[in-house]
Amino acid sequence: SASSLSLCKTLQELAASGACTVICTIHQPQSKIFELFDDLIVLNKGHVLYRGPRSQVLNFYERAGLPCPPFTNPADHILDVITYVAGSDRVHLDGNVKRLRKQLRKQERLQKERAAAIAAGNLSPKSPSSRGLGASQSLLYGADDDADDIDEDDKNSADVGDRDDLTEWIPESNPRTAWHRQFRVLLRRSFQENLRNRGVLIAQVVQNIIT
């Protein structure tokens with residue numbers, strides 16, 4: 001809708017200003033809204049299927065064997081190929097999810113190998129294969145020319161495992177925040193929200209006293 005587009009444009013301007021980071025949960029937006037996002041995380045039943053620049057998500061899907069048909073809203077395609085609805089072929093959809101998870105594992109493994117080569121001085125971050133995206137992005141989202149050289153055989157990704165536990169997707173450099181810190185942050189946020197709506201808070205207190 002027009003109001004949704006206007007709201008997302010405002011959020012984009014807010015994020016571009018550097019005042020804060022804007023995180024949205026959105027389900028199959030129209031193409032104009034989809035183009036406003038900088039980065040995406042695609043989830044399915046708690047599993048990360050894609051994370052990275054919005055501009056690279058279709059390239060990533062294509063490399064996983066799920067190209068977006070012409071004249072199709074990318075946001076629709078991204079979720080249609082992994083979302084079960086009545087009458088859908090569940091086996092086929094599960095196969096699509098496995099393809100995307102496998103592609104993500106391959107790209108992450110390639111990224112680690114590339115990062116190690118750069119750290120060892122065997123490869124320049126400005127090599128032609130990463131031109132225009134930067135080394136890390138080109139590795140993850142399909143711009144690297146060597147990505148197709150990864151063996152398609154499942155046995156080569158056996159060392160990675162299925163990663164059924166979502167916690168295994170958290171990078172080692174970004175450990176999970178302690179539960180007590182999460183509790184403090186959420187509690188403070190709740191207090192701030194209540195203080196901003198003092199009228200409602202007072203009404204609830206009075207209502208509880210009367211009842």
# chains A, B, ... in the order shown; residues from 1 in each chain; ligands from 1

$ residues_around --residues "range 67-79 of chain A" --least-positions-apart "6" --cutoff "6 Å" --atoms "only C-alpha atoms" --output "list in words"
Gln28, Ser31 and Tyr61 of chain A

$ write_last_selection --atoms "all heavy atoms" --output "PDB file, in the first residue's frame"
ATOM      1  N   GLN A  28       6.876 -10.756   2.100  1.00  0.00           N
ATOM      2  CA  GLN A  28       6.566 -10.569   0.685  1.00  0.00           C
ATOM      3  C   GLN A  28       6.064  -9.156   0.368  1.00  0.00           C
ATOM      4  O   GLN A  28       4.927  -8.976  -0.054  1.00  0.00           O
ATOM      5  CB  GLN A  28       5.553 -11.618   0.231  1.00  0.00           C
ATOM      6  CG  GLN A  28       6.170 -13.019   0.171  1.00  0.00           C
ATOM      7  CD  GLN A  28       5.174 -14.086  -0.244  1.00  0.00           C
ATOM      8  OE1 GLN A  28       4.370 -14.522   0.554  1.00  0.00           O
ATOM      9  NE2 GLN A  28       5.238 -14.482  -1.484  1.00  0.00           N
ATOM     10  N   SER A  31       7.422  -4.871  -4.869  1.00  0.00           N
ATOM     11  CA  SER A  31       8.777  -4.710  -5.401  1.00  0.00           C
ATOM     12  C   SER A  31       9.380  -3.353  -5.051  1.00  0.00           C
ATOM     13  O   SER A  31      10.583  -3.245  -4.796  1.00  0.00           O
ATOM     14  CB  SER A  31       8.766  -4.907  -6.915  1.00  0.00           C
ATOM     15  OG  SER A  31       7.861  -4.004  -7.530  1.00  0.00           O
ATOM     16  N   TYR A  61      20.098 -17.247  -5.159  1.00  0.00           N
ATOM     17  CA  TYR A  61      19.058 -18.235  -5.449  1.00  0.00           C
ATOM     18  C   TYR A  61      19.325 -18.929  -6.785  1.00  0.00           C
ATOM     19  O   TYR A  61      19.105 -20.144  -6.921  1.00  0.00           O
ATOM     20  CB  TYR A  61      17.687 -17.556  -5.482  1.00  0.00           C
ATOM     21  CG  TYR A  61      16.955 -17.590  -4.159  1.00  0.00           C
ATOM     22  CD1 TYR A  61      17.502 -16.994  -3.027  1.00  0.00           C
ATOM     23  CD2 TYR A  61      15.724 -18.214  -4.035  1.00  0.00           C
ATOM     24  CE1 TYR A  61      16.843 -17.015  -1.811  1.00  0.00           C
ATOM     25  CE2 TYR A  61      15.045 -18.245  -2.833  1.00  0.00           C
ATOM     26  CZ  TYR A  61      15.611 -17.648  -1.720  1.00  0.00           C
ATOM     27  OH  TYR A  61      14.959 -17.676  -0.511  1.00  0.00           O
TER      28      TYR A  61
END

$ atom_distance --atom1 "CA of His27 in chain A" --atom2 "CA of Leu11 in chain A"
16.6 Å

$ residues_around --residues "range 47-57 of chain A" --least-positions-apart "3" --cutoff "6 Å" --atoms "only C-alpha atoms" --output "list of chain:residue names"
A:Asp38, A:Asp39, A:Leu40, A:Ile41, A:Val42, A:Leu43, A:Asn44, A:Phe60, A:Leu100, A:Arg101, A:Tyr141, A:Leu166

$ write_last_selection --atoms "N, CA, C and O atoms" --output "PDB file, in the first residue's frame"
ATOM      1  N   ASP A  38      18.545  -2.620   2.289  1.00  0.00           N
ATOM      2  CA  ASP A  38      19.973  -2.776   2.023  1.00  0.00           C
ATOM      3  C   ASP A  38      20.416  -4.220   2.164  1.00  0.00           C
ATOM      4  O   ASP A  38      21.146  -4.748   1.331  1.00  0.00           O
ATOM      5  N   ASP A  39      19.983  -4.888   3.225  1.00  0.00           N
ATOM      6  CA  ASP A  39      20.401  -6.260   3.515  1.00  0.00           C
ATOM      7  C   ASP A  39      19.186  -7.103   3.888  1.00  0.00           C
ATOM      8  O   ASP A  39      18.177  -6.579   4.376  1.00  0.00           O
ATOM      9  N   LEU A  40      19.324  -8.412   3.671  1.00  0.00           N
ATOM     10  CA  LEU A  40      18.228  -9.334   3.956  1.00  0.00           C
ATOM     11  C   LEU A  40      18.716 -10.525   4.769  1.00  0.00           C
ATOM     12  O   LEU A  40      19.874 -10.949   4.656  1.00  0.00           O
ATOM     13  N   ILE A  41      17.817 -11.057   5.578  1.00  0.00           N
ATOM     14  CA  ILE A  41      18.006 -12.367   6.195  1.00  0.00           C
ATOM     15  C   ILE A  41      16.755 -13.170   5.880  1.00  0.00           C
ATOM     16  O   ILE A  41      15.651 -12.752   6.228  1.00  0.00           O
ATOM     17  N   VAL A  42      16.900 -14.288   5.180  1.00  0.00           N
ATOM     18  CA  VAL A  42      15.779 -15.159   4.840  1.00  0.00           C
ATOM     19  C   VAL A  42      15.796 -16.346   5.798  1.00  0.00           C
ATOM     20  O   VAL A  42      16.794 -17.064   5.888  1.00  0.00           O
ATOM     21  N   LEU A  43      14.690 -16.557   6.495  1.00  0.00           N
ATOM     22  CA  LEU A  43      14.585 -17.633   7.476  1.00  0.00           C
ATOM     23  C   LEU A  43      13.518 -18.629   7.058  1.00  0.00           C
ATOM     24  O   LEU A  43      12.515 -18.270   6.433  1.00  0.00           O
ATOM     25  N   ASN A  44      13.733 -19.879   7.434  1.00  0.00           N
ATOM     26  CA  ASN A  44      12.736 -20.932   7.233  1.00  0.00           C
ATOM     27  C   ASN A  44      12.809 -21.890   8.405  1.00  0.00           C
ATOM     28  O   ASN A  44      13.827 -22.567   8.586  1.00  0.00           O
ATOM     29  N   PHE A  60      22.162 -15.368  -5.636  1.00  0.00           N
ATOM     30  CA  PHE A  60      22.368 -16.485  -4.719  1.00  0.00           C
ATOM     31  C   PHE A  60      21.362 -17.600  -4.994  1.00  0.00           C
ATOM     32  O   PHE A  60      21.715 -18.781  -5.061  1.00  0.00           O
ATOM     33  N   LEU A 100      19.268 -24.303  -0.778  1.00  0.00           N
ATOM     34  CA  LEU A 100      19.708 -22.991  -0.302  1.00  0.00           C
ATOM     35  C   LEU A 100      20.652 -23.119   0.888  1.00  0.00           C
ATOM     36  O   LEU A 100      21.660 -22.400   0.979  1.00  0.00           O
ATOM     37  N   ARG A 101      20.356 -24.039   1.787  1.00  0.00           N
ATOM     38  CA  ARG A 101      21.239 -24.232   2.944  1.00  0.00           C
ATOM     39  C   ARG A 101      22.608 -24.759   2.492  1.00  0.00           C
ATOM     40  O   ARG A 101      23.656 -24.361   3.015  1.00  0.00           O
ATOM     41  N   TYR A 141      28.010 -14.091  -1.806  1.00  0.00           N
ATOM     42  CA  TYR A 141      26.794 -13.911  -2.566  1.00  0.00           C
ATOM     43  C   TYR A 141      26.937 -14.183  -4.049  1.00  0.00           C
ATOM     44  O   TYR A 141      26.136 -13.733  -4.843  1.00  0.00           O
ATOM     45  N   LEU A 166      19.943 -23.838  15.370  1.00  0.00           N
ATOM     46  CA  LEU A 166      20.147 -22.487  14.875  1.00  0.00           C
ATOM     47  C   LEU A 166      21.372 -21.845  15.481  1.00  0.00           C
ATOM     48  O   LEU A 166      22.018 -21.009  14.853  1.00  0.00           O
TER      49      LEU A 166
END

$ select_by_dssp --residues "range 1-126 of chain A" --states "helix (DSSP H, G or I)" --output "PyMOL selection string"
chain A and resi 2-16+31-34+54-63+74-80+90-119

$ atom_distance --atom1 "CA of Leu7 in chain A" --atom2 "CA of Tyr84 in chain A"
29.2 Å

$ atom_distance --atom1 "CA of Glu193 in chain A" --atom2 "CA of Phe37 in chain A"
26.6 Å
